[in-house]
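Trainee: The structure under discussion is supplied below as structure tokens; questions concerning it will follow.
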Amino acid sequence: MSDLLRVENLGISFGGLRAVNQVGFSVKPGEILSVIGPNGAGKTTLFNMISGIYMPGDGRVVLNGDDVTGMRPDLLARRGLSRTFQNLQIFQNMTVLDNAIAGYHLTESGSLLADLFRLPGARARVRAAREGAMALLARVGLDRAAETEAGSLSYGKLKRLEIARALALDPKVLLLDEPAAGCNAVETEEIDQMIAEVARSGVAILLVEHDMKMVMRISSHIVVLDHGEKIAEGDPATVSRDPQVISAYLGTEAAEAADA
Amino acid sequence: MRLSPRATTLLVLAVLIALSPLMFPSNFYYRVGSLIFMNGLAVTGMVILIGYAGQISLGHAGFSGIGAYSCAIMPVQWGIHPLLAPLLGAAISALLAWLVGRPILRLKGYYLAVATLGFGILVYMVLMNEAALTGGPDGITVADSGLPDLAEAAGLDLSNSQFWYWMSGLVLLAGAWLALNLYDSPTGRALRALHGSEVAARTVGVDVARYKLQAFVISAVYASVAGSLLALQNKFITPDVAGYMHSIELVTMTVLGGAHSVLGAVFGAAILTMLPQVLTVFAEYEHLLLGLIMMLVMIFLRDGLLPSLMRLIRGKSE
């Protein structure tokens with residue numbers, strides 16, 4: 001199968017700092033590619049370049065065969081790329097349900113006049129989006145909180161709300177930036193299963209996550225970043241034995257585990 | 001039976017418009033009432049811009065000025081039917097908002113505030129200086145629309161103030177209906193989403209620039225129609241209708257009543273329109289008191305008067 005998302009020699013500098021340098025990889029439909037590395041390795045910066053929030057300094061992003069380097073996020077969304085954020089980006093001023101419905105923007109929206117006059121077409125689209133959103137909220141266990149203000153939810157629940165909103169786009173490529181951060185073991189396992197399920201439906205998933213157990217369990221492929229450079233790549237078993245990876249990243253964690 | 005918040009708002013507004021005249025001691029209050037509705041209409045547009053989309057404008061009175069002067073200039077100078085003038089004025093306001101909005105809505109926060117302020121002042125200056133067309137600082141008379149006569153011919157015996165009370169009340173209801181429709185619509189949700197987080201709105205596919213522009217244009221049309229109504233009722237208009245004080249009044253009314261709700265904003269318009277009438281007792285200190293009230297509300301009731309009051313009432317009943 002051909003690559004759904006391909007990143008070629010991607011790089012960016014902030015002032016004198018080379019945040020990401022010459023990073024490349026590719027993801028096929030149904031694959032889960034995890035990007036790991038210590039804090040400040042450039043994982044989120046990489047995500048921001050792929051999803052059009054930062055303009056890459058050099059390199060290319062190819063989505064479904066088309067060069068989409070530096071394309072606006074809303075246009076990328078139309079092409080089937082969706083994401084969540086490490087530091088939550090929730091619509092705090094809206095209800096949980098409205099947040100989820102917002103994920104249906106592309107299928108829900110029609111003409112301004114239809115909206116102003118509440119024409120039947122607009123109402124039908126809103127109804128369809130609401131039903132889809134309720135089903136997604138049920139899937140992430142938030143259906144009972146549908147009418148509460150999103151701002152009043154706990155961190156773990158907001159993480160799940162973001163995933164629901166990202167899934168509402170029915171994406172081909174899904175970028176998840178630390179979906180399990182701040183979640184307890186049970187919640188992590190639930191998210192874990194959900195990601196695997198989404199991947200099985202043919203979505204290409206790009207994952208940044210610090211929970212190594214989760215990463216090793218669900219990844220089909222792992223890319224390791226350190227100081228903005230790709231230092232290793234391969235399946236979970238290969239990467240976890242790589243001496244460079246152990247010294248840069250896994251080693252520290254193993255040492256901490258041994259100390260505890 | 002449970003009414004939706006949308007239906008409740010419309011019902012409350014309709015009842016207030018219909019029953020308030022029962023308490024009017026004199027004909028003068030019809031005029032105050034119609035002024036409230038006209039300001040309320042402009043402020044309903046501001047709710048879409050400020051409350052839904054989270055954008056600021058300190059120049060919206062400029063659009064009121066365009067609506068008002070369209071009614072004054074078009075019929076006399078260009079022979080356009082007086083009833084067509086408000087519609088053409090709204091169209092010009094929409095076009096201008098679209099042209100001006102495209103570059104300035106890229107700005108955020110106080111940069112946007114200053115840019116819109118500049119736009120308002122520009123309109124005001126044009127109205128002041130193009131005296132041949134606008135009558136300059138002395139103002140200009142507005143040709144009779146013939147509307148009150150039409151009502152009389154239809155068998156309604158209404159004074160000028162009474163006629164415009166009901167007319168502006170109806171237009172306000174229509175404006176509120178449209179704004180409330182918008183709230184739970186895809187467009188309204190996109191506006192509220194970009195208000196909450198522009199980055200997240202973009203990632204769900206919202207074309208942020210386009211939606212901001214839509215909110216700006218819609219609110220400009222509201223302000224324009226409000227200005228037209230004022231001109232038609234007063235039959236005389238001065239550049240002050242487009243002045244920056246009026247722009248700031250519109251924003252203050254919106255925020256005072258509660259920028260997130262149409263009813264709250266109309267409530268804010270009612271208070272700020274009536275206060276000067278009531279405060280004549282303190283004639284010398286009127287502005288002082290007005291400013292003080294506004295400061296206190298902003299410090300202690302940040303959500304605006306109506307939402308804060310509602311919370312107080314709900315809190316007591318629980």
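Going by the structure tokens order, chains are called A, B, ..., each with residues numbered from 1, while ligands are numbered from 1 in the order shown.
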I'd like the neighbourhood of range 2-8 of chain A as a PDB file with C-alpha atoms, in the first residue's frame, where a residue qualifies if any of its atoms comes within 10 Å (using only C-alpha atoms), though same-chain residues fewer than 5 positions away should be ignored.
Mentor:
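Listed below is the output, part-v3.pdb:
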```
ATOM      1  CA  GLN A  22      16.243  16.745   8.282  1.00  0.00           C
ATOM      2  CA  VAL A  23      13.504  14.538   9.695  1.00  0.00           C
ATOM      3  CA  GLY A  24      11.771  12.106   7.359  1.00  0.00           C
ATOM      4  CA  PHE A  25       9.401   9.146   7.656  1.00  0.00           C
ATOM      5  CA  SER A  26       6.210   7.804   6.170  1.00  0.00           C
ATOM      6  CA  VAL A  27       2.943   6.302   7.398  1.00  0.00           C
ATOM      7  CA  LYS A  28       0.607   3.926   5.579  1.00  0.00           C
ATOM      8  CA  PRO A  29      -3.132   3.506   6.176  1.00  0.00           C
ATOM      9  CA  GLY A  30      -3.792   1.520   9.351  1.00  0.00           C
ATOM     10  CA  GLU A  31      -0.284   2.107  10.737  1.00  0.00           C
ATOM     11  CA  LEU A  46       7.315  18.511  14.055  1.00  0.00           C
ATOM     12  CA  ILE A  50       2.957  18.757   9.501  1.00  0.00           C
ATOM     13  CA  ASP A  58      12.826  23.281   4.566  1.00  0.00           C
ATOM     14  CA  GLY A  59      11.682  19.864   3.429  1.00  0.00           C
ATOM     15  CA  ARG A  60       8.318  18.594   2.253  1.00  0.00           C
ATOM     16  CA  VAL A  61       5.090  17.171   3.642  1.00  0.00           C
ATOM     17  CA  VAL A  62       3.257  14.905   1.206  1.00  0.00           C
ATOM     18  CA  LEU A  63      -0.329  13.944   1.975  1.00  0.00           C
ATOM     19  CA  ASN A  64      -1.969  11.326  -0.215  1.00  0.00           C
ATOM     20  CA  GLY A  65       0.510  12.042  -3.005  1.00  0.00           C
ATOM     21  CA  ASP A  66       0.104  15.839  -2.927  1.00  0.00           C
ATOM     22  CA  ASP A  67       2.670  18.311  -1.645  1.00  0.00           C
ATOM     23  CA  THR A  69       3.985  21.747   2.813  1.00  0.00           C
ATOM     24  CA  LEU A  81      -5.720  15.577   8.306  1.00  0.00           C
ATOM     25  CA  LYS A 172      -7.443   9.801   6.912  1.00  0.00           C
ATOM     26  CA  VAL A 173      -4.438  10.921   8.949  1.00  0.00           C
ATOM     27  CA  VAL A 203      -6.564   5.670   9.473  1.00  0.00           C
ATOM     28  CA  ALA A 204      -2.856   6.483   9.475  1.00  0.00           C
ATOM     29  CA  ILE A 205      -1.945   7.586  12.997  1.00  0.00           C
ATOM     30  CA  LEU A 206       0.968   9.691  14.118  1.00  0.00           C
TER      31      LEU A 206
END
```
Trainee: Give me every strand (DSSP E) residue in range 98-227 of chain A, going by DSSP on the backbone, as a list in words.
Mentor: Val173, Leu174, Leu175, Leu176, Asp177, Ala204, Ile205, Leu206, Leu207, Val208, His221, Ile222, Val223, Val224, Leu225 and Asp226 of chain A
Trainee: Emit the selected residues as a PDB file, in the first residue's frame, including N, CA and C atoms.
Mentor:
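Result went into selection06.pdb, see below:
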```
ATOM      1  N   VAL A 173      -5.662  10.876   8.146  1.00  0.00           N
ATOM      2  CA  VAL A 173      -4.438  10.921   8.949  1.00  0.00           C
ATOM      3  C   VAL A 173      -4.767  11.624  10.264  1.00  0.00           C
ATOM      4  N   LEU A 174      -4.378  11.016  11.366  1.00  0.00           N
ATOM      5  CA  LEU A 174      -4.691  11.588  12.674  1.00  0.00           C
ATOM      6  C   LEU A 174      -3.404  11.769  13.465  1.00  0.00           C
ATOM      7  N   LEU A 175      -3.161  13.021  13.916  1.00  0.00           N
ATOM      8  CA  LEU A 175      -1.985  13.316  14.730  1.00  0.00           C
ATOM      9  C   LEU A 175      -2.422  13.458  16.178  1.00  0.00           C
ATOM     10  N   LEU A 176      -1.875  12.625  17.049  1.00  0.00           N
ATOM     11  CA  LEU A 176      -2.254  12.682  18.459  1.00  0.00           C
ATOM     12  C   LEU A 176      -1.041  13.104  19.277  1.00  0.00           C
ATOM     13  N   ASP A 177      -1.111  14.271  19.914  1.00  0.00           N
ATOM     14  CA  ASP A 177       0.008  14.777  20.702  1.00  0.00           C
ATOM     15  C   ASP A 177      -0.235  14.481  22.187  1.00  0.00           C
ATOM     16  N   ALA A 204      -4.280   6.430   9.161  1.00  0.00           N
ATOM     17  CA  ALA A 204      -2.856   6.483   9.475  1.00  0.00           C
ATOM     18  C   ALA A 204      -2.687   7.365  10.708  1.00  0.00           C
ATOM     19  N   ILE A 205      -2.047   6.827  11.747  1.00  0.00           N
ATOM     20  CA  ILE A 205      -1.945   7.586  12.997  1.00  0.00           C
ATOM     21  C   ILE A 205      -0.496   7.932  13.310  1.00  0.00           C
ATOM     22  N   LEU A 206      -0.333   9.196  13.692  1.00  0.00           N
ATOM     23  CA  LEU A 206       0.968   9.691  14.118  1.00  0.00           C
ATOM     24  C   LEU A 206       0.813  10.037  15.589  1.00  0.00           C
ATOM     25  N   LEU A 207       1.685   9.460  16.421  1.00  0.00           N
ATOM     26  CA  LEU A 207       1.478   9.577  17.861  1.00  0.00           C
ATOM     27  C   LEU A 207       2.730  10.109  18.550  1.00  0.00           C
ATOM     28  N   VAL A 208       2.537  11.131  19.404  1.00  0.00           N
ATOM     29  CA  VAL A 208       3.590  11.528  20.322  1.00  0.00           C
ATOM     30  C   VAL A 208       3.131  11.114  21.702  1.00  0.00           C
ATOM     31  N   HIS A 221       5.525   1.228  14.292  1.00  0.00           N
ATOM     32  CA  HIS A 221       6.762   1.823  13.833  1.00  0.00           C
ATOM     33  C   HIS A 221       7.114   2.954  14.809  1.00  0.00           C
ATOM     34  N   ILE A 222       8.370   3.136  15.101  1.00  0.00           N
ATOM     35  CA  ILE A 222       8.750   4.214  16.014  1.00  0.00           C
ATOM     36  C   ILE A 222       9.884   5.049  15.414  1.00  0.00           C
ATOM     37  N   VAL A 223       9.750   6.374  15.563  1.00  0.00           N
ATOM     38  CA  VAL A 223      10.821   7.279  15.158  1.00  0.00           C
ATOM     39  C   VAL A 223      11.315   7.966  16.425  1.00  0.00           C
ATOM     40  N   VAL A 224      12.630   7.966  16.637  1.00  0.00           N
ATOM     41  CA  VAL A 224      13.171   8.590  17.845  1.00  0.00           C
ATOM     42  C   VAL A 224      13.862   9.897  17.483  1.00  0.00           C
ATOM     43  N   LEU A 225      13.458  10.963  18.172  1.00  0.00           N
ATOM     44  CA  LEU A 225      14.075  12.280  17.950  1.00  0.00           C
ATOM     45  C   LEU A 225      14.924  12.654  19.152  1.00  0.00           C
ATOM     46  N   ASP A 226      16.034  13.328  18.887  1.00  0.00           N
ATOM     47  CA  ASP A 226      16.814  13.936  19.964  1.00  0.00           C
ATOM     48  C   ASP A 226      17.446  15.205  19.407  1.00  0.00           C
TER      49      ASP A 226
END
```
Trainee: Using only C-alpha atoms, select each residue of chain A with any atom at most 8 Å away from an atom of chain B, and give the selection as a ChimeraX atom specification.
Mentor: /A:51,53,72-78,82-83,89-94,98-99,102-106,108-110,112,115-118,122-123,126,165-166,169
Trainee: Give the answer as one residue: which of B:Trp166, B:Phe216, B:Phe37, B:Tyr244 has the shortest atom-to-atom distance to Leu112 in chain B, using only C-alpha atoms?
Mentor: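 Between B:Trp166, B:Phe216, B:Phe37, B:Tyr244, the residue approaching Leu112 in chain B most closely is B:Phe216.
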Trainee: Taking into account only C-alpha atoms, which residue in the set A:Glu229, A:Glu197, A:Asp242, A:Glu209 is nearest to Ser34 in chain A?
Mentor: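 Of the candidates, the smallest distance to Ser34 in chain A is held by A:Glu209.
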Trainee: Any chance you could list, as a VMD selection string, the residues in range 13-259 of chain A that come up helix (DSSP H, G or I) when DSSP is run on the backbone?
Mentor: chain A and resid 43 to 50 73 to 78 96 to 102 105 to 108 112 to 116 120 to 139 143 to 145 150 to 152 155 to 168 185 to 200 212 to 218 236 to 241 243 to 259
Trainee: To one decimal in Å, tell me the separation between CA of Gly169 in chain B and CA of Gly33 in chain B.
Mentor: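 Separating CA of Gly169 in chain B from CA of Gly33 in chain B is a distance of 8.5 Å.
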Trainee: Do you know which residues are at most 8 Å from range 152-156 of chain A counting only C-alpha atoms, after dropping those on the same chain fewer than 3 positions away, and could you put them as a list of chain:residue names?
Mentor: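 So the residues in contact are A:Thr148, A:Glu149, A:Lys159, A:Arg160, A:Ala180, A:Ala181, A:Gly182, A:Cys183, A:Glu187.
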Trainee: At a cut-off of 10 Å, using only C-alpha atoms, what residues contact Leu137 in chain A? Leave out same-chain residues fewer than 2 positions from it and give the result as a list in words.
Mentor: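 Non-adjacent residues within range: Val96, Leu97, Ala100, Ile101, Glu131, Gly132, Ala133, Met134, Ala135, Arg139, Val140, Gly141, Leu142, Asp143, Arg144, Ala145, Ala146, Arg160, Leu161, Ile163, Ala164, Arg165 and Ala168 of chain A.
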Trainee: Can you spit out the residues from that selection as an mmCIF file, in the first residue's frame, using N, CA and C atoms?
Mentor:
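Output file part-v8.cif is given in full below:
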```
data_model
loop_
_atom_site.group_PDB
_atom_site.id
_atom_site.type_symbol
_atom_site.label_atom_id
_atom_site.label_comp_id
_atom_site.auth_asym_id
_atom_site.auth_seq_id
_atom_site.Cartn_x
_atom_site.Cartn_y
_atom_site.Cartn_z
ATOM 1 N N VAL A 96 -19.720 20.787 25.968
ATOM 2 C CA VAL A 96 -19.005 19.596 25.506
ATOM 3 C C VAL A 96 -19.573 19.145 24.162
ATOM 4 N N LEU A 97 -20.898 19.137 24.072
ATOM 5 C CA LEU A 97 -21.539 18.706 22.822
ATOM 6 C C LEU A 97 -21.176 19.645 21.673
ATOM 7 N N ALA A 100 -17.829 18.937 20.304
ATOM 8 C CA ALA A 100 -17.804 17.761 19.430
ATOM 9 C C ALA A 100 -18.453 18.080 18.086
ATOM 10 N N ILE A 101 -19.566 18.835 18.125
ATOM 11 C CA ILE A 101 -20.237 19.177 16.856
ATOM 12 C C ILE A 101 -19.304 20.032 15.998
ATOM 13 N N GLU A 131 -26.161 14.203 16.023
ATOM 14 C CA GLU A 131 -26.250 12.756 16.250
ATOM 15 C C GLU A 131 -24.870 12.119 16.205
ATOM 16 N N GLY A 132 -24.072 12.523 15.198
ATOM 17 C CA GLY A 132 -22.713 11.991 15.093
ATOM 18 C C GLY A 132 -21.901 12.339 16.330
ATOM 19 N N ALA A 133 -22.046 13.586 16.789
ATOM 20 C CA ALA A 133 -21.282 14.052 17.947
ATOM 21 C C ALA A 133 -21.680 13.290 19.196
ATOM 22 N N MET A 134 -22.977 13.047 19.369
ATOM 23 C CA MET A 134 -23.434 12.307 20.551
ATOM 24 C C MET A 134 -22.859 10.893 20.541
ATOM 25 N N ALA A 135 -22.834 10.259 19.360
ATOM 26 C CA ALA A 135 -22.284 8.904 19.251
ATOM 27 C C ALA A 135 -20.795 8.902 19.615
ATOM 28 N N ARG A 139 -18.750 7.178 22.727
ATOM 29 C CA ARG A 139 -17.587 6.331 22.503
ATOM 30 C C ARG A 139 -16.429 6.686 23.443
ATOM 31 N N VAL A 140 -16.271 7.984 23.749
ATOM 32 C CA VAL A 140 -15.190 8.373 24.660
ATOM 33 C C VAL A 140 -15.701 8.547 26.094
ATOM 34 N N GLY A 141 -16.950 8.139 26.332
ATOM 35 C CA GLY A 141 -17.497 8.158 27.691
ATOM 36 C C GLY A 141 -17.854 9.533 28.206
ATOM 37 N N LEU A 142 -18.221 10.440 27.312
ATOM 38 C CA LEU A 142 -18.558 11.801 27.760
ATOM 39 C C LEU A 142 -20.000 12.172 27.438
ATOM 40 N N ASP A 143 -20.804 11.199 27.025
ATOM 41 C CA ASP A 143 -22.175 11.530 26.608
ATOM 42 C C ASP A 143 -22.995 12.131 27.740
ATOM 43 N N ARG A 144 -22.691 11.742 28.970
ATOM 44 C CA ARG A 144 -23.490 12.281 30.078
ATOM 45 C C ARG A 144 -23.091 13.710 30.429
ATOM 46 N N ALA A 145 -21.931 14.131 29.961
ATOM 47 C CA ALA A 145 -21.473 15.503 30.229
ATOM 48 C C ALA A 145 -21.782 16.425 29.058
ATOM 49 N N ALA A 146 -22.569 15.941 28.081
ATOM 50 C CA ALA A 146 -22.776 16.678 26.826
ATOM 51 C C ALA A 146 -23.154 18.141 27.024
ATOM 52 N N ARG A 160 -9.958 13.439 26.183
ATOM 53 C CA ARG A 160 -10.837 12.551 25.419
ATOM 54 C C ARG A 160 -11.773 13.349 24.516
ATOM 55 N N LEU A 161 -12.194 14.517 25.018
ATOM 56 C CA LEU A 161 -13.057 15.364 24.193
ATOM 57 C C LEU A 161 -12.315 15.802 22.929
ATOM 58 N N ILE A 163 -9.965 14.172 21.423
ATOM 59 C CA ILE A 163 -9.877 13.025 20.515
ATOM 60 C C ILE A 163 -11.214 12.858 19.773
ATOM 61 N N ALA A 164 -12.317 12.999 20.507
ATOM 62 C CA ALA A 164 -13.640 12.876 19.874
ATOM 63 C C ALA A 164 -13.790 13.927 18.777
ATOM 64 N N ARG A 165 -13.375 15.174 19.095
ATOM 65 C CA ARG A 165 -13.495 16.256 18.117
ATOM 66 C C ARG A 165 -12.647 15.962 16.873
ATOM 67 N N ALA A 168 -14.260 13.390 14.721
ATOM 68 C CA ALA A 168 -15.466 13.866 14.037
ATOM 69 C C ALA A 168 -15.177 14.248 12.589
#
```
Trainee: Tell me which protein, DNA and RNA residues are within 12 Å of Leu16 in chain B, counting only C-alpha atoms, leaving out same-chain ones fewer than 5 positions away, and put them as a JSON list (two decimals) with C-alpha atoms, in the first residue's frame.
Mentor:
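Output saved as out00.json:
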```json
[["chain", "number", "residue", "atom", "x", "y", "z"],
["B", 9, "THR", "CA", -35.70, 35.08, 24.36],
["B", 10, "LEU", "CA", -37.99, 35.96, 21.45],
["B", 11, "LEU", "CA", -41.08, 35.58, 23.62],
["B", 21, "PRO", "CA", -46.65, 51.04, 26.41],
["B", 22, "LEU", "CA", -49.23, 50.16, 29.08],
["B", 23, "MET", "CA", -46.88, 51.76, 31.59],
["B", 33, "GLY", "CA", -38.73, 53.07, 23.70],
["B", 36, "ILE", "CA", -33.93, 51.60, 23.00],
["B", 37, "PHE", "CA", -35.01, 49.28, 20.20],
["B", 166, "TRP", "CA", -43.81, 49.62, 16.81],
["B", 169, "GLY", "CA", -39.78, 46.98, 17.86],
["B", 170, "LEU", "CA", -40.65, 44.71, 14.95],
["B", 172, "LEU", "CA", -35.55, 44.46, 16.59],
["B", 173, "LEU", "CA", -37.54, 41.23, 16.92],
["B", 263, "LEU", "CA", -31.44, 39.53, 25.60],
["B", 266, "VAL", "CA", -30.78, 44.57, 24.57],
["B", 267, "PHE", "CA", -31.02, 44.98, 28.34],
["B", 270, "ALA", "CA", -32.16, 49.79, 27.49]]
```
Trainee: What's around Gln244 in chain A at 9 Å? Count only C-alpha atoms, leave out sequence neighbours fewer than 3 positions away in its own chain, and write the answer as a PyMOL selection string.
Mentor: chain A and resi 231-232+241+247-249
Trainee: Which residues are close to Leu41 in chain B, i.e. within 10 Å by only C-alpha atoms, leaving aside same-chain residues fewer than 4 positions away? Reply as a list in words.
Mentor: Leu35, Ile36, Phe37, Gly45, Met46, Val47, Ser168, Gly169, Val171, Leu172, Leu173, Ala174, Gly175, Ala176, Ser219, Tyr222, Ala223, Ser224, Val225, Ala226, Gly227, Val262, Ala265, Val266 and Ala269 of chain B
Trainee: Tell me, in Å to one decimal, how far CA of Leu33 in chain A is from CA of Glu162 in chain A.
Mentor: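 Interatomic distance, CA of Leu33 in chain A to CA of Glu162 in chain A: 19.5 Å.
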